[in-house]
Amino acid sequence: MLVKTGVVAVDPALSDLAGWYLYLWGPWFIAGGLAFAGAAHRCTSGTAMSSAR
């Protein structure tokens, strides 16, 4: 996002790659990180263990 807004400068050849990554892969990595955080929270809070019984 910083490259697309112009805050960080990169080689012009990488500018198109930054846009492709931002719109295609970025949301999937954020969703995966949120899913992992939710699973870790559920596992450490004991909710997963109590619902399995």
# chains A, B, ... in the order shown; residues from 1 in each chain; ligands from 1

call {"tool": "residues_around", "arguments": {"residues": "stretch 2-10 of chain A", "least_positions_apart": "5", "cutoff": "12 Å", "atoms": "only C-alpha atoms", "output": "list of chain:residue names"}}
result
A:Ser15, A:Asp16, A:Leu17, A:Ala18, A:Gly19, A:Trp20, A:Tyr21, A:Leu22, A:Tyr23

call {"tool": "select_by_dssp", "arguments": {"residues": "chain A", "states": "helix (DSSP H, G or I)", "output": "ChimeraX atom specification"}}
result
/A:2-5,12-45,47-52

call {"tool": "write_last_selection", "arguments": {"atoms": "C-alpha atoms", "output": "compact mmCIF listing (two decimals), in the first residue's frame"}}
result
# COMPACT_ATOMS: atom_id res chain seq x y z
CA LEU A 2 2.90 2.33 0.73
CA VAL A 3 4.28 1.82 -2.78
CA LYS A 4 0.92 2.47 -4.42
CA THR A 5 0.34 5.66 -2.42
CA PRO A 12 9.56 1.31 -11.74
CA ALA A 13 9.81 -2.31 -12.92
CA LEU A 14 8.54 -3.43 -9.51
CA SER A 15 5.65 -0.97 -9.42
CA ASP A 16 3.37 -3.25 -11.45
CA LEU A 17 4.35 -6.20 -9.27
CA ALA A 18 3.39 -4.25 -6.15
CA GLY A 19 -0.09 -3.62 -7.54
CA TRP A 20 -0.54 -7.28 -8.48
CA TYR A 21 0.52 -8.36 -5.01
CA LEU A 22 -1.64 -5.78 -3.25
CA TYR A 23 -4.86 -6.69 -5.01
CA LEU A 24 -4.41 -10.44 -5.43
CA TRP A 25 -2.25 -11.86 -2.65
CA GLY A 26 -2.54 -9.26 0.11
CA PRO A 27 -6.15 -10.01 1.08
CA TRP A 28 -5.46 -13.76 1.22
CA PHE A 29 -2.52 -13.30 3.56
CA ILE A 30 -4.58 -11.02 5.80
CA ALA A 31 -7.45 -13.53 5.87
CA GLY A 32 -5.02 -16.36 6.62
CA GLY A 33 -3.41 -14.38 9.42
CA LEU A 34 -6.78 -13.60 10.96
CA ALA A 35 -7.85 -17.25 10.72
CA PHE A 36 -4.60 -18.35 12.36
CA ALA A 37 -4.99 -15.78 15.13
CA GLY A 38 -8.56 -16.92 15.74
CA ALA A 39 -7.55 -20.57 15.88
CA ALA A 40 -4.66 -19.81 18.23
CA HIS A 41 -6.93 -17.79 20.50
CA ARG A 42 -9.54 -20.52 20.53
CA CYS A 43 -6.94 -23.18 21.28
CA THR A 44 -5.27 -21.24 24.08
CA SER A 45 -8.48 -20.03 25.70
CA THR A 47 -12.84 -23.17 24.15
CA ALA A 48 -11.72 -25.87 21.72
CA MET A 49 -11.07 -28.36 24.51
CA SER A 50 -14.35 -27.81 26.35
CA SER A 51 -16.47 -28.07 23.19
CA ALA A 52 -14.82 -31.37 22.21
